[in-house]
Structure formats: C-alpha cells, structure tokens
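Here's target_16.pdb, which has PDB, C-alpha atoms:
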ATOM      1  CA  ALA A   1       9.794 -86.882 113.235
ATOM      2  CA  ASN A   2       6.274 -87.604 114.509
ATOM      3  CA  GLU A   3       5.798 -89.964 111.565
ATOM      4  CA  LEU A   4       8.405 -92.301 113.063
ATOM      5  CA  VAL A   5       6.873 -92.545 116.560
ATOM      6  CA  GLY A   6       5.735 -96.077 117.277
ATOM      7  CA  GLY A   7       7.047 -97.383 113.980
ATOM      8  CA  PRO A   8       9.484-100.281 113.479
ATOM      9  CA  LEU A   9      13.205 -99.709 113.015
ATOM     10  CA  SER A  10      12.963-101.441 109.656
ATOM     11  CA  LYS A  11      11.101 -98.380 108.378
ATOM     12  CA  ILE A  12      14.282 -96.303 108.468
ATOM     13  CA  VAL A  13      17.232 -98.665 109.035
ATOM     14  CA  VAL A  14      18.644-100.756 106.185
ATOM     15  CA  GLU A  15      17.872-104.390 107.018
ATOM     16  CA  GLU A  16      21.497-105.567 106.898
ATOM     17  CA  ASP A  17      22.468-102.928 109.482
ATOM     18  CA  ALA A  18      19.572-103.325 111.911
ATOM     19  CA  GLY A  19      21.676-105.459 114.254
ATOM     20  CA  GLN A  20      24.184-102.620 114.630
ATOM     21  CA  LEU A  21      21.518-100.345 116.078
ATOM     22  CA  THR A  22      19.604-102.847 118.188
ATOM     23  CA  SER A  23      22.817-103.991 119.869
ATOM     24  CA  ILE A  24      23.192-100.670 121.675
ATOM     25  CA  PHE A  25      19.694-101.073 123.151
ATOM     26  CA  SER A  26      20.088-104.684 124.284
ATOM     27  CA  GLU A  27      21.318-104.180 127.867
ATOM     28  CA  GLN A  28      19.771-100.811 128.780
ATOM     29  CA  LEU A  29      22.081-100.326 131.770
ATOM     30  CA  LEU A  30      21.649 -96.897 133.334
ATOM     31  CA  ASP A  31      24.229 -94.373 132.178
ATOM     32  CA  LYS A  32      25.727 -96.946 129.820
ATOM     33  CA  VAL A  33      26.748 -95.319 126.524
ATOM     34  CA  GLY A  34      26.718 -97.340 123.330
ATOM     35  CA  SER A  35      27.444 -96.401 119.734
ATOM     36  CA  ALA A  36      26.747 -97.785 116.280
ATOM     37  CA  THR A  37      27.249 -96.831 112.639
ATOM     38  CA  PHE A  38      24.544 -97.894 110.203
ATOM     39  CA  ARG A  39      22.694 -96.985 107.010
ATOM     40  CA  ALA A  40      19.305 -95.305 107.239
ATOM     41  CA  ARG A  41      16.688 -94.277 104.699
ATOM     42  CA  ARG A  42      15.615 -90.667 104.413
ATOM     43  CA  LYS A  43      12.010 -89.752 103.701
ATOM     44  CA  ASP A  44      12.911 -89.212 100.041
ATOM     45  CA  GLY A  45      14.315 -92.756  99.836
ATOM     46  CA  ARG A  46      17.981 -91.760  99.772
ATOM     47  CA  VAL A  47      20.272 -93.892 101.954
ATOM     48  CA  VAL A  48      22.689 -92.120 104.323
ATOM     49  CA  TRP A  49      25.241 -93.322 106.876
ATOM     50  CA  LEU A  50      24.531 -92.362 110.503
ATOM     51  CA  GLU A  51      26.789 -92.583 113.522
ATOM     52  CA  SER A  52      24.648 -92.801 116.654
ATOM     53  CA  THR A  53      25.314 -92.702 120.377
ATOM     54  CA  ALA A  54      22.714 -93.989 122.840
ATOM     55  CA  ARG A  55      22.419 -93.688 126.612
ATOM     56  CA  ALA A  56      19.904 -95.279 128.995
ATOM     57  CA  VAL A  57      18.493 -92.778 131.495
ATOM     58  CA  GLY A  58      16.207 -93.570 134.443
ATOM     59  CA  ALA A  59      12.942 -91.667 134.815
ATOM     60  CA  ASP A  60      12.949 -88.842 137.385
ATOM     61  CA  ASP A  61       9.745 -90.058 139.067
ATOM     62  CA  GLY A  62      11.387 -93.219 140.413
ATOM     63  CA  SER A  63       9.053 -95.462 138.445
ATOM     64  CA  GLY A  64      11.928 -97.591 137.226
ATOM     65  CA  GLU A  65      11.180 -96.820 133.609
ATOM     66  CA  VAL A  66      14.165 -96.312 131.356
ATOM     67  CA  GLU A  67      14.416 -93.850 128.509
ATOM     68  CA  ILE A  68      16.881 -94.208 125.640
ATOM     69  CA  HIS A  69      18.455 -90.924 124.573
ATOM     70  CA  LEU A  70      19.841 -91.243 121.058
ATOM     71  CA  SER A  71      21.859 -88.695 119.125
ATOM     72  CA  SER A  72      22.984 -89.192 115.530
ATOM     73  CA  ARG A  73      25.095 -87.442 112.940
ATOM     74  CA  ASP A  74      25.405 -87.936 109.195
ATOM     75  CA  VAL A  75      28.784 -89.476 108.315
ATOM     76  CA  SER A  76      27.987 -90.325 104.690
ATOM     77  CA  ILE A  77      30.836 -88.251 103.264
ATOM     78  CA  ARG A  78      33.355 -89.972 105.531
ATOM     79  CA  LYS A  79      32.032 -93.453 104.683
ATOM     80  CA  GLN A  80      32.092 -92.681 100.955
ATOM     81  CA  ALA A  81      35.709 -91.510 101.223
ATOM     82  CA  GLU A  82      36.650 -94.687 103.109
ATOM     83  CA  ALA A  83      34.951 -96.891 100.513
ATOM     84  CA  LEU A  84      36.652 -95.017  97.680
ATOM     85  CA  GLU A  85      40.080 -95.425  99.270
ATOM     86  CA  GLN A  86      39.477 -99.138  99.888
ATOM     87  CA  GLY A  87      38.380 -99.570  96.285
ATOM     88  CA  ARG A  88      41.401 -97.676  94.971
ATOM     89  CA  ALA A  89      43.758 -99.864  97.013
ATOM     90  CA  LEU A  90      42.077-103.018  95.698
ATOM     91  CA  VAL A  91      42.374-101.841  92.086
ATOM     92  CA  LEU A  92      46.100-101.192  92.563
ATOM     93  CA  GLN A  93      46.454-104.665  94.080
ATOM     94  CA  MET A  94      44.619-106.227  91.122
ATOM     95  CA  ILE A  95      46.935-104.429  88.696
ATOM     96  CA  ALA A  96      50.016-105.542  90.661
ATOM     97  CA  GLU A  97      48.732-109.132  90.513
ATOM     98  CA  ASN A  98      48.318-108.802  86.735
ATOM     99  CA  ARG A  99      44.609-109.637  86.917
ATOM    100  CA  PRO A 100      42.722-109.658  83.566
ATOM    101  CA  LEU A 101      41.904-106.147  82.363
ATOM    102  CA  PRO A 102      38.118-106.764  82.016
ATOM    103  CA  GLU A 103      38.062-107.822  85.680
ATOM    104  CA  VAL A 104      39.846-104.629  86.742
ATOM    105  CA  LEU A 105      37.530-102.463  84.622
ATOM    106  CA  GLU A 106      34.421-104.107  86.059
ATOM    107  CA  TRP A 107      35.642-103.449  89.590
ATOM    108  CA  LEU A 108      36.302 -99.790  88.719
ATOM    109  CA  VAL A 109      32.788 -99.470  87.321
ATOM    110  CA  ARG A 110      31.201-101.065  90.377
ATOM    111  CA  MET A 111      33.298 -98.864  92.659
ATOM    112  CA  VAL A 112      31.818 -95.758  91.020
ATOM    113  CA  GLU A 113      28.306 -97.176  91.279
ATOM    114  CA  GLN A 114      28.811 -97.709  95.010
ATOM    115  CA  GLN A 115      29.451 -93.965  95.289
ATOM    116  CA  TYR A 116      26.391 -93.147  93.162
ATOM    117  CA  PRO A 117      23.827 -95.935  93.749
ATOM    118  CA  ALA A 118      21.182 -94.402  91.465
ATOM    119  CA  ALA A 119      23.556 -94.183  88.481
ATOM    120  CA  HIS A 120      24.959 -96.609  85.918
ATOM    121  CA  ALA A 121      28.643 -96.502  85.027
ATOM    122  CA  SER A 122      30.549 -97.904  82.074
ATOM    123  CA  ALA A 123      34.113 -98.142  80.817
ATOM    124  CA  VAL A 124      35.090 -98.305  77.152
ATOM    125  CA  LEU A 125      38.610 -99.322  76.186
ATOM    126  CA  LEU A 126      40.244 -99.308  72.764
ATOM    127  CA  ALA A 127      42.283-102.521  72.649
ATOM    128  CA  ASP A 128      43.819-104.247  69.638
ATOM    129  CA  GLY A 129      41.796-102.114  67.236
ATOM    130  CA  ARG A 130      38.432-102.850  68.860
ATOM    131  CA  LEU A 131      36.305-101.353  71.619
ATOM    132  CA  GLU A 132      35.672-103.292  74.838
ATOM    133  CA  HIS A 133      32.642-102.086  76.763
ATOM    134  CA  THR A 134      32.217-102.919  80.470
ATOM    135  CA  ALA A 135      28.851-101.886  81.932
ATOM    136  CA  PRO A 136      27.509-104.550  84.340
ATOM    137  CA  SER A 137      24.442-102.630  85.556
ATOM    138  CA  LEU A 138      23.451-100.753  82.399
ATOM    139  CA  PRO A 139      20.044-101.960  81.104
ATOM    140  CA  GLN A 140      20.849-104.645  78.552
ATOM    141  CA  SER A 141      18.633-103.305  75.767
ATOM    142  CA  PHE A 142      20.212 -99.849  76.100
ATOM    143  CA  LYS A 143      23.716-101.360  76.168
ATOM    144  CA  ASP A 144      22.936-103.362  73.016
ATOM    145  CA  VAL A 145      21.930-100.220  71.119
ATOM    146  CA  LEU A 146      24.914 -98.314  72.500
ATOM    147  CA  ASP A 147      27.295-101.100  71.451
ATOM    148  CA  ASN A 148      25.958-100.889  67.905
ATOM    149  CA  HIS A 149      26.846 -97.185  67.736
ATOM    150  CA  LEU A 150      29.772 -97.151  70.135
ATOM    151  CA  LEU A 151      32.516 -96.538  67.595
ATOM    152  CA  ARG A 152      30.650 -93.621  66.010
ATOM    153  CA  PHE A 153      29.794 -92.110  69.386
ATOM    154  CA  ALA A 154      33.340 -92.447  70.732
ATOM    155  CA  ALA A 155      34.726 -90.915  67.534
ATOM    156  CA  GLY A 156      32.446 -87.904  68.047
ATOM    157  CA  LEU A 157      33.709 -87.339  71.569
ATOM    158  CA  CYS A 158      37.316 -87.728  70.463
ATOM    159  CA  SER A 159      36.738 -85.175  67.708
ATOM    160  CA  ASP A 160      35.345 -82.697  70.246
ATOM    161  CA  SER A 161      38.349 -83.306  72.490
ATOM    162  CA  THR A 162      40.878 -82.591  69.731
ATOM    163  CA  LYS A 163      39.043 -79.346  68.976
ATOM    164  CA  GLY A 164      39.788 -78.137  72.498
ATOM    165  CA  GLY A 165      36.620 -79.348  74.158
ATOM    166  CA  THR A 166      36.449 -80.048  77.865
ATOM    167  CA  GLU A 167      37.734 -83.388  79.130
ATOM    168  CA  VAL A 168      34.567 -83.941  81.171
ATOM    169  CA  ILE A 169      31.646 -83.968  78.780
ATOM    170  CA  HIS A 170      28.130 -83.410  80.112
ATOM    171  CA  SER A 171      25.332 -84.466  77.812
ATOM    172  CA  ASP A 172      21.573 -84.041  77.927
ATOM    173  CA  MET A 173      20.778 -87.405  76.423
ATOM    174  CA  GLN A 174      17.386 -86.232  75.125
ATOM    175  CA  THR A 175      18.650 -83.223  73.167
ATOM    176  CA  ASP A 176      22.396 -83.665  72.509
ATOM    177  CA  GLU A 177      22.886 -84.511  68.832
ATOM    178  CA  ARG A 178      25.742 -86.871  69.727
ATOM    179  CA  TRP A 179      23.109 -89.095  71.357
ATOM    180  CA  SER A 180      20.574 -88.870  68.534
ATOM    181  CA  MET A 181      20.920 -92.557  67.640
ATOM    182  CA  LEU A 182      20.160 -93.446  71.281
ATOM    183  CA  TRP A 183      17.335 -91.028  72.133
ATOM    184  CA  GLU A 184      14.632 -93.695  71.985
ATOM    185  CA  ALA A 185      16.621 -96.283  73.975
ATOM    186  CA  ALA A 186      17.604 -93.713  76.624
ATOM    187  CA  ALA A 187      14.008 -92.504  77.014
ATOM    188  CA  LYS A 188      12.808 -96.105  77.428
ATOM    189  CA  HIS A 189      15.012 -96.488  80.506
ATOM    190  CA  GLN A 190      14.542 -92.892  81.717
ATOM    191  CA  LEU A 191      18.229 -92.101  81.253
ATOM    192  CA  THR A 192      18.464 -88.329  80.951
ATOM    193  CA  THR A 193      22.065 -87.211  81.475
ATOM    194  CA  SER A 194      25.558 -88.567  80.945
ATOM    195  CA  TRP A 195      28.941 -87.477  82.262
ATOM    196  CA  SER A 196      31.828 -88.764  80.163
ATOM    197  CA  ILE A 197      35.592 -88.433  80.454
ATOM    198  CA  LEU A 198      38.135 -89.500  77.867
ATOM    199  CA  VAL A 199      41.165 -91.505  78.995
ATOM    200  CA  HIS A 200      44.467 -90.552  77.325
ATOM    201  CA  SER A 201      47.875 -92.178  77.153
ATOM    202  CA  SER A 202      51.006 -90.295  78.178
ATOM    203  CA  SER A 203      51.455 -89.339  74.521
ATOM    204  CA  GLY A 204      47.952 -87.889  74.277
ATOM    205  CA  ASP A 205      46.285 -90.721  72.346
ATOM    206  CA  VAL A 206      42.724 -91.588  73.372
ATOM    207  CA  LEU A 207      42.642 -95.011  75.062
ATOM    208  CA  GLY A 208      39.025 -95.125  76.110
ATOM    209  CA  MET A 209      36.143 -93.444  77.861
ATOM    210  CA  PHE A 210      34.503 -93.617  81.273
ATOM    211  CA  ALA A 211      30.860 -92.611  81.542
ATOM    212  CA  VAL A 212      28.191 -92.288  84.228
ATOM    213  CA  TYR A 213      24.509 -92.278  83.266
ATOM    214  CA  HIS A 214      21.806 -90.712  85.441
ATOM    215  CA  LYS A 215      18.036 -90.876  85.448
TER     216      LYS A 215
END

Go ahead and render the structure in this file as structure tokens.
Amino acid sequence: ANELVGGPLSKIVVEEDAGQLTSIFSEQLLDKVGSATFRARRKDGRVVWLESTARAVGADDGSGEVEIHLSSRDVSIRKQAEALEQGRALVLQMIAENRPLPEVLEWLVRMVEQQYPAAHASAVLLADGRLEHTAPSLPQSFKDVLDNHLLRFAAGLCSDSTKGGTEVIHSDMQTDERWSMLWEAAAKHQLTTSWSILVHSSSGDVLGMFAVYHK
C-alpha cells in the first residue's frame, strides 16, 4: 500500500473509469458519503472491478483539513456475471432477428474474451460441407496455419469424442500430438494451452467446436 502513497490515480484506475472515482471526491462535504464502481489494476497487472464508498471527515484538531476515508470491495465476479447475462440476452436477440450466423458467432467469441481478457477464443462451424472459422483476436499467422490444418484437427477431436472422450478437451499445445502440426506457430505466439468443446446437434452429430487459447 505504501507504494501508492502520493501517486496519481492513473497508476491504479483504468483511464476510462477515472471520472467515476474522482466524482466522489469533487465536493468533499463533511459526512457526505459517495460511491463509485470502477476498474482498477492490481500490482500483477490484472484488472479487477472495485465498488468504493468514500466519506469526507474533518480533522480532530480543528485545523479545517479534510480527510477522505475510502473503503473498497472486489465485485469482479458480480460484474462478470452481469456482462455474461447481457451478452447472452443480446445473442438471443440477434438470433430472433435472424442476423447472419458469422455475426452471431463473432459476438459469442468476443463475449468469451471479455470474460477472459488474456485469452483468445474461436468458433468453428461445419456448414454446407465446409468449416467456417471465427477468431477475431487470434494472431493472424497462427490462424492461417490453423486454418490449413483445421479439418484434420477437428476430425481428430471428433474421433476422440466418439471413443467416449470428455466433451471439454484440455490440450498442452506444446506436447499434445493433436497439435503437432501447430507446435511451431503456437510457440511463436506463446500459446501454451487450449480448452475445446465440441458442439453437437440434437441427434448427436458434431456441428462445430468452440476453443479458448491461453498463453
């Protein structure tokens, strides 16, 4: 905590949310309680949501100086749940409006990436005998290599699934033989693990795959 003394708010508060925090300090009326919800950076660089309450308190010595007492709590889990529910509602609305499938898939991918900012997500759909791959934030050179081997890779996962494998497939991208054709490309972008889930139709046929890649 001593590292923050005397430092600017911008050191810990996400720039877009700085106004939320400074607004509760603007009037400094004694015994006035203000509150704000904003994003802050931890020492390790991770961003969390904080809900803070501030109160201006006069000094006991009668000097007229005012102290700001601030208490905060981490509400990241609540904010993530709210964002997920908002995203889910929007996806359902897009489907009801018959929006183009690639547009819906891209929104789903971005919704997952909002929940896991350090990860890259992708959606693969088997449509009309071909694979459509939506991955807006995946490094382009890695996506190009993956696209070249996508059919073979997807077939391997489907084979594992039909043999009774788990629906959620965790892969160490540097050692898993299913990723052998992508080891070099994954290492170039420091992608180390992948979580994949196959999407099935009501009859059990594989329709596609959703994957999240982590560094």

For the structure provided, state which residues fall under the PyMOL selection byres ((chain A and resi 170-175) around 8), and present them as a CSV table (one decimal) with C-alpha atoms, in the frame of the given file.
chain,number,residue,atom,x,y,z
A,168,VAL,CA,34.6,-83.9,81.2
A,169,ILE,CA,31.6,-84.0,78.8
A,176,ASP,CA,22.4,-83.7,72.5
A,177,GLU,CA,22.9,-84.5,68.8
A,179,TRP,CA,23.1,-89.1,71.4
A,180,SER,CA,20.6,-88.9,68.5
A,182,LEU,CA,20.2,-93.4,71.3
A,183,TRP,CA,17.3,-91.0,72.1
A,186,ALA,CA,17.6,-93.7,76.6
A,187,ALA,CA,14.0,-92.5,77.0
A,191,LEU,CA,18.2,-92.1,81.3
A,192,THR,CA,18.5,-88.3,81.0
A,193,THR,CA,22.1,-87.2,81.5
A,194,SER,CA,25.6,-88.6,80.9
A,195,TRP,CA,28.9,-87.5,82.3
A,196,SER,CA,31.8,-88.8,80.2

Coordinates-based distance that separates CA of Ile95 (chain A) from CA of Leu146 (chain A) (Å, one decimal): 28.0 Å

Using all atoms of region 170-176 of chain A that appear in the file, construct an axis-aligned enclosing box with 8 Å of padding on every side and provide its centre coordinates and edge lengths in Å, rounded to one decimal, as lines of an AutoDock Vina configuration file.
center_x = 22.8
center_y = -85.3
center_z = 76.3
size_x = 26.7
size_y = 20.2
size_z = 23.6

Length of the CA of Gly34 (chain A) to CA of Arg55 (chain A) vector [Å]: 6.5 Å

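Here CA of Glu82 (chain A) is placed at a distance of 14.4 Å from CA of Leu50 (chain A).
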
Distance criterion (only C-alpha atoms): nearest to Ala123 (chain A) out of A:Lys43, A:Arg110, A:Lys11, A:His214: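 Among the listed residues, the smallest separation from Ala123 (chain A) belongs to A:Arg110.
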
Within-8 Å shell of (14.7, -90.1, 107.9) in input frame, only C-alpha atoms, as a list of chain:residue names: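 Protein and nucleic acid residues near the point are A:Ala1, A:Ile12, A:Ala40, A:Arg41, A:Arg42, A:Lys43.
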
All residues 12 Å or closer to region 209-213 of chain A, all atoms listed in the file, same chain fewer than 5 positions away omitted, as a PyMOL selection string: chain A and resi 105-106+108-113+115-126+131-135+137-139+142-143+150-151+153-158+161+167-173+186+189-201

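Using all atoms listed in the file, the smallest distance between any of A:Ser141, A:Thr37, A:Asn98, A:Thr53 and Ser76 (chain A) comes from A:Thr37.
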